[in-house]
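Structure, as structure tokens:
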Amino acid sequence: METSGRRYKGLRESMVKSQIEARGVKDPDVLEAMKVVARHEFVNESLMDQAYNDHPLPIGDQQTISQPYIVAMMTEALQVDKDDRVLEIGTGSGYQAAILAELAYRVYTIERNRTLYERARQTTEKMGYYNIVCRYGDGTIGWKEEAPFDAILVTAGAPEIPKPLVDQLDIGGRMVIPVGSSSSQILVKLYRDKTGIHQAELGGCRFVKLIGQCGWKAE
Ligand code: SAM
């Protein structure tokens, strides 16, 4: 491995230890995925040296790649199994999709911004994530042709939980979604079993807006 690759690997390992394990994420598979995926590959070259810092980063068009801890915490809450088919809404840089792809059988990810969609598709392909399927469109209506899903992760803040996504969750399926106002949300976890839908709150968070038919209106 060339020098910069070794340096980034070191930064990843200390990111996992000091930002993620230290805040209580325990799932060994999630921790391993966070150690393996080269986060710097998902940001602009000028931001690569900040890729392992404890904060979100801009990815263009006023959108962000989430803070590493948030990615790890949401992934752990989703309880992804190796046979799972996972739907992600809000591909952004493609980083969260790559973390999910390390854990799941297949990841379906939807992005409404054409530039980000194209870039994330190229990045994930170049990195060899052939189990990620990208789609350009409005994720608030889900991906009906591929439903039902074992897990659904929404990485933008919704005013309420989009009904099409709940309908596309399989029995035994989990969904993690930020719900609230445009400036702050509560991270909600849904679980579907034979008796219906169960819901728990995981804590406060702050995401960019989920815009679409079952989300916020575009400005
Ligand atoms: N998961 C991303 C990553 O790993 O880089 C970060 C997601 S960023 C916080 C939120 C993304 O959701 C933005 O790229 C935004 O364009 C996208 N988005 C917002 N509304 C959407 C919708 N209805 N369908 C699909 N993507 C949407």
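For the structure tokens, the naming scheme is as follows: chains receive sequential letters (A, B, ...) according to their order of presentation, residues are indexed from 1 within each chain, and ligands are indexed from 1 in presentation order.
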Env of A:Pro68: 12 Å cut, atoms = only C-alpha atoms, seq-sep filter 6 positions within chain, self excluded. Answer as a PyMOL selection string.
chain A and resi 12+14-21+23+25+30-31+33-35+37-40+50-57+74-75+95-96+99
Neighbours of ligand 1 at 7 Å or closer, counting only C-alpha atoms and all ligand atoms: which residues, as a PyMOL selection string?
chain A and resi 63-66+89-97+110-113+116+137-140+155-156+207-212+215
Export N, CA, C and O atoms of the chosen residues as a tab-separated table (two decimals), in the first residue's frame?
chain	number	residue	atom	x	y	z
A	63	GLN	N	-25.31	19.96	-0.21
A	63	GLN	CA	-25.55	18.66	0.44
A	63	GLN	C	-24.29	18.23	1.19
A	63	GLN	O	-23.22	18.83	0.99
A	64	THR	N	-24.44	17.22	2.06
A	64	THR	CA	-23.31	16.83	2.91
A	64	THR	C	-23.15	15.31	2.97
A	64	THR	O	-24.11	14.56	2.80
A	65	ILE	N	-21.91	14.90	3.26
A	65	ILE	CA	-21.64	13.51	3.67
A	65	ILE	C	-21.71	13.57	5.20
A	65	ILE	O	-21.10	14.45	5.82
A	66	SER	N	-22.49	12.68	5.81
A	66	SER	CA	-22.75	12.78	7.25
A	66	SER	C	-21.50	12.51	8.09
A	66	SER	O	-20.56	11.84	7.64
A	89	ILE	N	-32.32	5.95	1.05
A	89	ILE	CA	-32.84	7.15	0.39
A	89	ILE	C	-31.87	8.30	0.68
A	89	ILE	O	-31.66	8.64	1.85
A	90	GLY	N	-31.31	8.89	-0.39
A	90	GLY	CA	-30.33	9.97	-0.22
A	90	GLY	C	-28.91	9.46	-0.39
A	90	GLY	O	-28.13	9.44	0.57
A	91	THR	N	-28.56	9.04	-1.62
A	91	THR	CA	-27.24	8.46	-1.89
A	91	THR	C	-26.12	9.43	-1.55
A	91	THR	O	-25.07	9.01	-1.03
A	92	GLY	N	-26.32	10.72	-1.87
A	92	GLY	CA	-25.29	11.74	-1.61
A	92	GLY	C	-23.97	11.36	-2.27
A	92	GLY	O	-23.89	11.18	-3.47
A	93	SER	N	-22.93	11.16	-1.44
A	93	SER	CA	-21.61	10.80	-1.96
A	93	SER	C	-21.50	9.31	-2.30
A	93	SER	O	-20.58	8.90	-3.01
A	94	GLY	N	-22.39	8.49	-1.72
A	94	GLY	CA	-22.30	7.03	-1.90
A	94	GLY	C	-21.60	6.34	-0.73
A	94	GLY	O	-21.52	5.10	-0.68
A	95	TYR	N	-21.10	7.13	0.24
A	95	TYR	CA	-20.34	6.54	1.36
A	95	TYR	C	-21.20	5.62	2.23
A	95	TYR	O	-20.83	4.48	2.52
A	96	GLN	N	-22.38	6.12	2.63
A	96	GLN	CA	-23.25	5.29	3.48
A	96	GLN	C	-23.66	4.01	2.73
A	96	GLN	O	-23.73	2.93	3.33
A	97	ALA	N	-23.89	4.13	1.43
A	97	ALA	CA	-24.25	2.95	0.64
A	97	ALA	C	-23.11	1.94	0.66
A	97	ALA	O	-23.35	0.72	0.76
A	110	ILE	N	-31.25	5.63	-3.75
A	110	ILE	CA	-31.91	6.61	-4.62
A	110	ILE	C	-31.44	8.02	-4.27
A	110	ILE	O	-31.37	8.39	-3.09
A	111	GLU	N	-31.12	8.80	-5.30
A	111	GLU	CA	-30.69	10.19	-5.12
A	111	GLU	C	-31.48	11.09	-6.08
A	111	GLU	O	-31.62	10.77	-7.25
A	112	ARG	N	-31.99	12.22	-5.57
A	112	ARG	CA	-32.80	13.11	-6.40
A	112	ARG	C	-31.98	14.16	-7.17
A	112	ARG	O	-32.50	14.83	-8.03
A	113	ASN	N	-30.70	14.31	-6.76
A	113	ASN	CA	-29.84	15.29	-7.42
A	113	ASN	C	-29.02	14.58	-8.50
A	113	ASN	O	-28.23	13.68	-8.18
A	116	LEU	N	-25.08	14.51	-8.12
A	116	LEU	CA	-24.62	13.63	-7.04
A	116	LEU	C	-24.85	12.17	-7.40
A	116	LEU	O	-24.01	11.31	-7.13
A	137	GLY	N	-33.89	9.71	-8.79
A	137	GLY	CA	-35.32	9.95	-8.66
A	137	GLY	C	-35.71	10.35	-7.25
A	137	GLY	O	-34.86	10.66	-6.41
A	138	ASP	N	-37.01	10.35	-7.01
A	138	ASP	CA	-37.57	10.75	-5.72
A	138	ASP	C	-37.70	9.52	-4.81
A	138	ASP	O	-38.57	8.68	-5.01
A	139	GLY	N	-36.84	9.46	-3.80
A	139	GLY	CA	-36.83	8.31	-2.90
A	139	GLY	C	-38.01	8.25	-1.94
A	139	GLY	O	-38.24	7.23	-1.31
A	140	THR	N	-38.77	9.35	-1.81
A	140	THR	CA	-39.88	9.32	-0.84
A	140	THR	C	-40.98	8.35	-1.29
A	140	THR	O	-41.83	7.98	-0.49
A	155	THR	N	-31.46	9.07	4.76
A	155	THR	CA	-30.37	9.93	5.24
A	155	THR	C	-30.63	11.41	4.95
A	155	THR	O	-29.70	12.17	4.71
A	156	ALA	N	-31.92	11.79	4.97
A	156	ALA	CA	-32.31	13.20	4.90
A	156	ALA	C	-33.54	13.34	5.81
A	156	ALA	O	-34.28	12.37	6.02
A	207	PHE	N	-30.30	16.78	9.86
A	207	PHE	CA	-30.03	16.39	8.47
A	207	PHE	C	-30.55	17.45	7.51
A	207	PHE	O	-31.46	18.21	7.84
A	208	VAL	N	-30.03	17.44	6.27
A	208	VAL	CA	-30.60	18.27	5.20
A	208	VAL	C	-31.99	17.71	4.88
A	208	VAL	O	-32.33	16.59	5.25
A	209	LYS	N	-32.78	18.51	4.17
A	209	LYS	CA	-34.20	18.14	3.95
A	209	LYS	C	-34.40	16.99	2.96
A	209	LYS	O	-33.71	16.94	1.93
A	210	LEU	N	-35.34	16.11	3.29
A	210	LEU	CA	-35.82	15.10	2.35
A	210	LEU	C	-36.89	15.79	1.50
A	210	LEU	O	-37.96	16.15	1.99
A	211	ILE	N	-36.57	15.98	0.22
A	211	ILE	CA	-37.46	16.74	-0.66
A	211	ILE	C	-38.15	15.79	-1.62
A	211	ILE	O	-37.49	14.95	-2.25
A	212	GLY	N	-39.47	15.90	-1.74
A	212	GLY	CA	-40.15	15.04	-2.70
A	212	GLY	C	-41.64	14.94	-2.43
A	212	GLY	O	-42.18	15.63	-1.55
A	215	GLY	N	-42.25	14.23	1.06
A	215	GLY	CA	-41.28	14.91	1.93
A	215	GLY	C	-41.56	16.40	1.90
A	215	GLY	O	-42.69	16.84	1.75
Extract the full set of helix (DSSP H, G or I) residues from stretch 74-217 of chain A according to DSSP on the backbone, and format it as an NGL selection string.
:A and (74-78 or 95-103 or 114-126 or 139-141 or 144-146 or 163-167)
With C-alpha atoms retained, could you export that selection as a compact mmCIF listing (two decimals), in the first residue's frame?
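Generated file (result_11.txt):
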# COMPACT_ATOMS: atom_id res chain seq x y z
CA MET A 74 -27.62 4.59 12.11
CA THR A 75 -26.07 1.50 10.50
CA GLU A 76 -25.90 -0.30 13.85
CA ALA A 77 -29.54 0.61 14.56
CA LEU A 78 -30.57 -0.88 11.21
CA TYR A 95 -20.34 6.54 1.36
CA GLN A 96 -23.25 5.29 3.48
CA ALA A 97 -24.25 2.95 0.64
CA ALA A 98 -20.70 1.52 0.63
CA ILE A 99 -20.86 0.92 4.42
CA LEU A 100 -24.20 -0.89 3.95
CA ALA A 101 -22.77 -2.84 0.99
CA GLU A 102 -20.04 -4.24 3.28
CA LEU A 103 -22.79 -5.71 5.49
CA ARG A 114 -28.59 14.26 -10.90
CA THR A 115 -24.97 15.45 -10.37
CA LEU A 116 -24.62 13.63 -7.04
CA TYR A 117 -26.31 10.52 -8.45
CA GLU A 118 -23.86 10.36 -11.40
CA ARG A 119 -20.84 10.95 -9.19
CA ALA A 120 -21.85 8.39 -6.54
CA ARG A 121 -22.56 5.78 -9.21
CA GLN A 122 -19.11 6.29 -10.70
CA THR A 123 -17.38 6.28 -7.29
CA THR A 124 -19.05 3.10 -6.06
CA GLU A 125 -18.41 1.33 -9.39
CA LYS A 126 -14.76 2.40 -9.43
CA GLY A 139 -36.83 8.31 -2.90
CA THR A 140 -39.88 9.32 -0.84
CA ILE A 141 -41.95 6.97 -3.02
CA LYS A 144 -41.75 -0.50 -5.70
CA GLU A 145 -40.31 -2.96 -8.26
CA GLU A 146 -37.65 -4.15 -5.79
CA LYS A 163 -46.12 5.93 3.79
CA PRO A 164 -44.73 4.27 0.62
CA LEU A 165 -41.53 3.44 2.53
CA VAL A 166 -43.47 1.86 5.42
CA ASP A 167 -45.47 -0.17 2.88
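Residue nearest A:Gly173 within the list A:Val188, A:Ala72, A:Ala151, A:Leu87: A:Ala151 [criterion: smallest interatomic distance, only C-alpha atoms].
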Have a look at A:Lys194, A:Arg206, A:Arg106, A:Arg85 and name the one nearest to A:Pro148; count only C-alpha atoms.
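Smallest separation from A:Pro148 among the options: A:Arg85.
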From A:Trp216, A:Tyr69, A:Phe42, A:Tyr129, residue lying nearest A:Gly180 [only C-alpha atoms]:
A:Trp216
Any idea what the distance is between atom CA of A:Asn131 and atom CA of A:Tyr108?
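Atom-to-atom, atom CA of A:Asn131 to atom CA of A:Tyr108, that is 8.4 Å.
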Looking at only C-alpha atoms, which of A:Val36, A:Leu187, A:Leu47, A:Ile161 is the one that sits closest to A:Gly10?
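Smallest separation from A:Gly10 among the options: A:Val36.
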